[in-house]
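Have a look at the structure below before the remarks.
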Amino acid sequence: MLYIIFNTNTFVTGINLATPILLAALGGVVCNKAGNFNIALEGFMLIGAFSAVVGSFFFKSAILGILLAVIITVAAALLYGLFCITFKADEIIVGFGFNMFAIAITGWLLKPVFGGQGSFYNPSTPVLNNINLPLISKIPILNTIFSGYNIIVYLSWILIILLYVIMYRTSLGYKLRALGENPACLKANGLSTVKYAYLAQAIAGLTCGLAGAYLSIGSLAMFTENMTAGRGFIAVTAVIFSNAYLPVTALASILFGFASSVAIQSQGLGFQTQFIEMIPYVLTMIMIVLTAFKKKSTIKTKRYNKLLYKIISKVK
Amino acid sequence: MSETILYLKNITKIFPNPEKPIIANDHINFSVRKGEIHAIVGENGTGKSTLMNILYGMHQPDEGEIILNGRTIKLENPRQAIENGIGMVHQHFMLIPSFTVAENLVFGFEPRKGMLVDVDKANQIASEISTKYGLEIEPTRKIQSCSLSMQQRVEILKILYHGAIILIFDEPTAVLTPQETTELFKAFKELKNDGKTVIFITHKLKEVMSVADRATVMRKGKVVDVVNIKDTSIDKLATMMVGREMSIIKRKNTIENLDGKENILEIKNLKCLNDRGGMALNGISFALKPGEILGIAGVGGNGQSELVECIMGLSKRIFEGAILYKGIDITSYSASKMRKLGIGNITGDRYRRGVSKKSNIYENIIMGVHRQSPWATKYFLNPKNLNELVDKLIDTFDIKTSSKNANIMSLSGGNVQKCILARELNLAKEIIVAEEPTRGVDIGAVEFIHSQLIKKSKEGYGIILVSTDLDEIISLSTNIIVMFEGKLIGQIIPDVDFLENKIGLMMGGVTPEYNSVN
């Protein structure tokens, strides 16, 4: 029975399912560190998915599809930033509004652009090729687990390391993190807070654009209304759960992917499909509850500190 | 003496304000000599910080110019100030909690290795600069686990790393213990020996006397005088800070004999923390009698607002002491229970705590009594009685409005304050706590509020009047206590000579004993 659930196939499916969540979560972490709690990741991703399929269909190139997705999603993220940063609107309200806007506009554009309704599928539209890595593809087992994915998967792995280095090892990352923790500090150094706030959004636009492209032109060139189906919110959960610490966020996102994969594999064991499909969302809820407990315990520590202070001051 | 390094000429700064524009700096001339320690002394809201923020490029002056080393310079942002060798340690530290000491120190000017920040180099810089100036820090420690005095040292080293030759400190001792203050002043002298110029803002006169070479005294946006510390005394400084030598304030209230009356409110050894975990109140005790107006004077931020929060049941950080209402311990009562007892609270911070900005005048006035008979039963309001009440109050308190259903924000500041006054005086049974009741209102409203408070005290109400406006305290109180750093530094009955002078000294942290010894 275990073999049905845990085989190389589970890994491959897991990585495939984790990739869009991982990418969106990476963007979410950057925003979060820069002081913006971004729940519009879902909307960004959906816009990315739509633009990717449009680019791929009209330019007859999947790579140009990715490029268009990134450009349009970055623009969308900057629009979100316009409301949050320049107009100083509440980020939750803007985020909610933006997600609804994304569903509406992509659904509506389907007809004028492709002439269909509800969904678009065209077998002649180019999709991303799977790439075999030069060395690893010669090693048995590892070649199936780590090789043979499309370019976005490899990009997502590179982005984990790249964004970590940027956030924690470069001057730019210092400024982004300072923005989230003490914006006055930037001002006191004569630096613009607005510039860095927009930059964080642009990075989120980039990663969510890739995530969206992965969904729509990763294996089949297809777009359906609201095709992100809550993956952006799962990414938000990964950000909250990891306390926006990038390595943990990446792990949490991958865990979500693998959980879904295990769920799919266990269909062979005769569970109902609806039950299986529920699993990632239940996992999300469990993670949120766990995070809430963690937060509560830090509050308790604070209370404990206060008690300690009382005792010390009395002794004095 | 040595030459002038910096000259602020004719600086004027006006902050636009819908009620009435605030003139923070009114044609200020301020000069600093090379290598001196220069104190800027004054009460709250006299424009000291504004002036320094202009010098640091955070604010732009509406008029005037900054002359550094004989050259007029324009400072459009702090970066330009830093480039001109001006550094500032703000009252609230500009540090990033999750960064290490060294990372904070080099922030904005990081040493690089290729594309990356060279963390080892940063640590090295931090320890080098630390040894050079004798300010001890731990480069690899996270700021969030550092003490406030270490954080301050990081701030000082940070601006030295930026290459500052003029160092500005905004109330540097506000967060420090006495020992840490001594250490800081030692550092000031070190900096002076090193040829740096130090400017620091304070209202603590003893500090000025002990460390500064010269002092500029400011009052109400203007420079009163510039003095050499050698040629002045603490009394002279206090007089200049408060603004007059002889009593010119007309007392509006009379003192009556209250002996034999029982205390209605008693505060016993109250200790409470502020929101940063420091001591806000450090053992406060006093009693309030009916018919008394107890004035609590002091420079703002010495624990007055925390005291009011404690009495009104808004503080959750009391850890010692008690508040007694006619002998009953009410320390742990919630705000609504306190109000049910009949403690009215007139606040000067009207838009944050005084009124609900989204509600209309009627709703704002009935808040509190809307749970009491005869204005409400257990489950329902009694609109007829409430309407009568509101109409009556609008009439007696002369609130100028077109309708009681108009939004509260359509009123002028003075009229909003009258609404609060009407509500609280109607609600209060025996005790009124008034915190800055006339802040930012016009002179007519001030007169009205003062006369109402006196009227209530004659009716037998006990009133606690917290104010940083000395005129208000002196003209209304029958008994004055002065708060300094969370403690009562002295008490004074306002029928003596040189009253302002004495209070001024206490506000500057000089105890009456100290005064008599000197």
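Lettering and numbering for the structure tokens are positional, with chains as A, B, ... in the shown order, residues counted from 1 in each chain, and ligands counted from 1 in the shown order.
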
**Request:** Taking only C-alpha atoms into account, report as a VMD selection string which residues of chain A lie within 8 Å of chain B.
**Result:** chain A and resid 169 to 171 174 to 175 178 181 to 182 184 to 185 187 to 191 310

Keeping only N, CA and C atoms, write the selected residues to a file as a short mmCIF file (atom, residue, chain, number, x, y, z; two decimals), in the first residue's frame.
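Saved to part-v6.cif:
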data_model
loop_
_atom_site.label_atom_id
_atom_site.label_comp_id
_atom_site.auth_asym_id
_atom_site.auth_seq_id
_atom_site.Cartn_x
_atom_site.Cartn_y
_atom_site.Cartn_z
N ARG A 169 21.57 39.32 1.86
CA ARG A 169 22.99 39.57 1.64
C ARG A 169 23.27 40.81 0.81
N THR A 170 22.25 41.46 0.29
CA THR A 170 22.54 42.66 -0.51
C THR A 170 21.96 43.91 0.13
N SER A 171 22.53 45.02 -0.30
CA SER A 171 22.11 46.32 0.17
C SER A 171 20.61 46.54 -0.11
N TYR A 174 18.52 44.65 2.38
CA TYR A 174 18.53 45.35 3.67
C TYR A 174 17.47 46.44 3.67
N LYS A 175 17.41 47.17 2.55
CA LYS A 175 16.47 48.29 2.48
C LYS A 175 15.03 47.79 2.46
N ALA A 178 14.24 46.70 5.96
CA ALA A 178 14.13 47.89 6.82
C ALA A 178 12.77 48.56 6.61
N GLU A 181 10.22 46.87 8.66
CA GLU A 181 10.35 46.92 10.11
C GLU A 181 10.30 48.34 10.66
N ASN A 182 10.98 49.27 10.02
CA ASN A 182 11.01 50.64 10.53
C ASN A 182 11.20 51.61 9.37
N ALA A 184 10.67 54.63 9.05
CA ALA A 184 11.25 55.93 9.42
C ALA A 184 12.76 55.90 9.27
N CYS A 185 13.33 54.69 9.45
CA CYS A 185 14.78 54.53 9.34
C CYS A 185 15.26 54.85 7.93
N LYS A 187 13.71 56.89 5.86
CA LYS A 187 13.53 58.33 5.68
C LYS A 187 14.67 59.08 6.34
N ALA A 188 15.08 58.62 7.54
CA ALA A 188 16.15 59.30 8.26
C ALA A 188 17.47 59.19 7.51
N ASN A 189 17.58 58.19 6.63
CA ASN A 189 18.77 58.07 5.80
C ASN A 189 18.59 58.78 4.46
N GLY A 190 17.47 59.46 4.31
CA GLY A 190 17.21 60.18 3.07
C GLY A 190 16.87 59.28 1.91
N LEU A 191 16.34 58.07 2.19
CA LEU A 191 15.99 57.15 1.11
C LEU A 191 14.48 57.15 0.92
N LYS A 310 8.00 42.39 37.16
CA LYS A 310 7.37 42.73 38.43
C LYS A 310 8.22 42.23 39.59
#

**Message:** Env of Met278 in chain A: 10 Å cut, atoms = only C-alpha atoms, seq-sep filter 4 positions within chain, self excluded. Answer as a PyMOL selection string.
**Reply:** chain A and resi 260+263+273-274+282-283

**Message:** Please report the interatomic distance between CA of Leu163 in chain A and CA of Val12 in chain A in Å with one decimal.
**Reply:**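 According to the coordinates, CA of Leu163 in chain A and CA of Val12 in chain A are separated by 24.0 Å.
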
**Asked** Got a sec: who's within 6 Å of range 147-159 of chain A, counting only C-alpha atoms, leaving out chain neighbours fewer than 3 positions off, as a list of chain:residue names?
**Response** A:Asn129, A:Asn130, A:Ile131, A:Asn132, A:Leu133, A:Ser137, A:Asn143, A:Thr144, A:Leu162, A:Leu163

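For the pair CA of Leu205 in chain B and CA of Ile234 in chain B, the interatomic distance is 6.5 Å.
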
**Item:** Every residue of range 79-245 of chain B that DSSP places in alpha helix (DSSP H), as a PyMOL selection string
**Value:** chain B and resi 79-83+101-106+119-133+148-161+178-193+205-211+234-242

**Item:** Contacts of Lys458 in chain B at 12 Å (only C-alpha atoms; same-chain gap of 2+ positions) as a ChimeraX atom specification
**Value:** /B:253-256,258,289-293,430,451-456,460-463,476,478

**Prompt:** What lies within 12 Å of Met218 in chain B using only C-alpha atoms, ignoring chain neighbours under 4 positions off, as a PyMOL selection string?
**Reply:** chain B and resi 24-30+39-51+201-203+222-227+237-243

**Near-Ile93 in chain A list (12 Å; only C-alpha atoms; drop same-chain fewer than 2 positions) as JSON, numbers by chain** = {"A": [37, 38, 39, 40, 80, 83, 84, 88, 89, 90, 91, 95, 96, 97, 98, 99, 100]}

Restricted to N, CA and C atoms, what would the selected residues look like written as a short mmCIF file (atom, residue, chain, number, x, y, z; two decimals), in the first residue's frame?
data_model
loop_
_atom_site.label_atom_id
_atom_site.label_comp_id
_atom_site.auth_asym_id
_atom_site.auth_seq_id
_atom_site.Cartn_x
_atom_site.Cartn_y
_atom_site.Cartn_z
N PHE A 37 1.25 43.13 3.54
CA PHE A 37 0.67 41.80 3.64
C PHE A 37 -0.21 41.59 2.41
N ASN A 38 0.34 40.86 1.45
CA ASN A 38 -0.27 40.81 0.13
C ASN A 38 -1.18 39.58 -0.01
N ILE A 39 -2.49 39.82 -0.11
CA ILE A 39 -3.39 38.68 -0.35
C ILE A 39 -3.85 38.67 -1.80
N ALA A 40 -3.24 39.54 -2.63
CA ALA A 40 -3.65 39.60 -4.03
C ALA A 40 -2.83 38.65 -4.90
N TYR A 80 -1.76 47.38 -8.21
CA TYR A 80 -2.11 47.07 -6.82
C TYR A 80 -1.32 48.00 -5.90
N PHE A 83 -2.63 51.60 -5.42
CA PHE A 83 -3.68 51.77 -4.41
C PHE A 83 -3.11 51.66 -3.00
N CYS A 84 -2.28 50.65 -2.78
CA CYS A 84 -1.77 50.39 -1.43
C CYS A 84 -0.74 51.42 -0.99
N LYS A 88 -2.50 54.82 -0.23
CA LYS A 88 -2.51 54.36 1.17
C LYS A 88 -3.82 53.69 1.57
N ALA A 89 -4.40 52.90 0.65
CA ALA A 89 -5.64 52.19 0.99
C ALA A 89 -5.30 50.94 1.79
N ASP A 90 -6.31 50.39 2.46
CA ASP A 90 -6.12 49.19 3.27
C ASP A 90 -5.74 48.01 2.38
N GLU A 91 -4.65 47.32 2.72
CA GLU A 91 -4.12 46.29 1.82
C GLU A 91 -5.05 45.08 1.70
N GLY A 95 -6.57 44.05 -1.73
CA GLY A 95 -6.24 42.68 -2.14
C GLY A 95 -7.48 41.92 -2.55
N PHE A 96 -8.51 42.01 -1.73
CA PHE A 96 -9.79 41.33 -2.04
C PHE A 96 -10.35 41.83 -3.36
N GLY A 97 -10.40 43.16 -3.46
CA GLY A 97 -10.93 43.77 -4.67
C GLY A 97 -10.15 43.33 -5.89
N PHE A 98 -8.83 43.28 -5.73
CA PHE A 98 -7.98 42.94 -6.85
C PHE A 98 -8.22 41.50 -7.31
N ASN A 99 -8.40 40.60 -6.34
CA ASN A 99 -8.67 39.20 -6.70
C ASN A 99 -9.96 39.07 -7.49
N MET A 100 -10.98 39.80 -7.06
CA MET A 100 -12.26 39.73 -7.78
C MET A 100 -12.12 40.34 -9.17
#

**Message:** Neighbouring residues of Arg231 in chain A were defined as those with any atom within 9 Å, considering only C-alpha atoms; residues of the same chain fewer than 2 positions away were excluded. Please report them as an NGL selection string.
**Reply:** :A and (20-21 or 24 or 41-42 or 45 or 228-229 or 233-236)
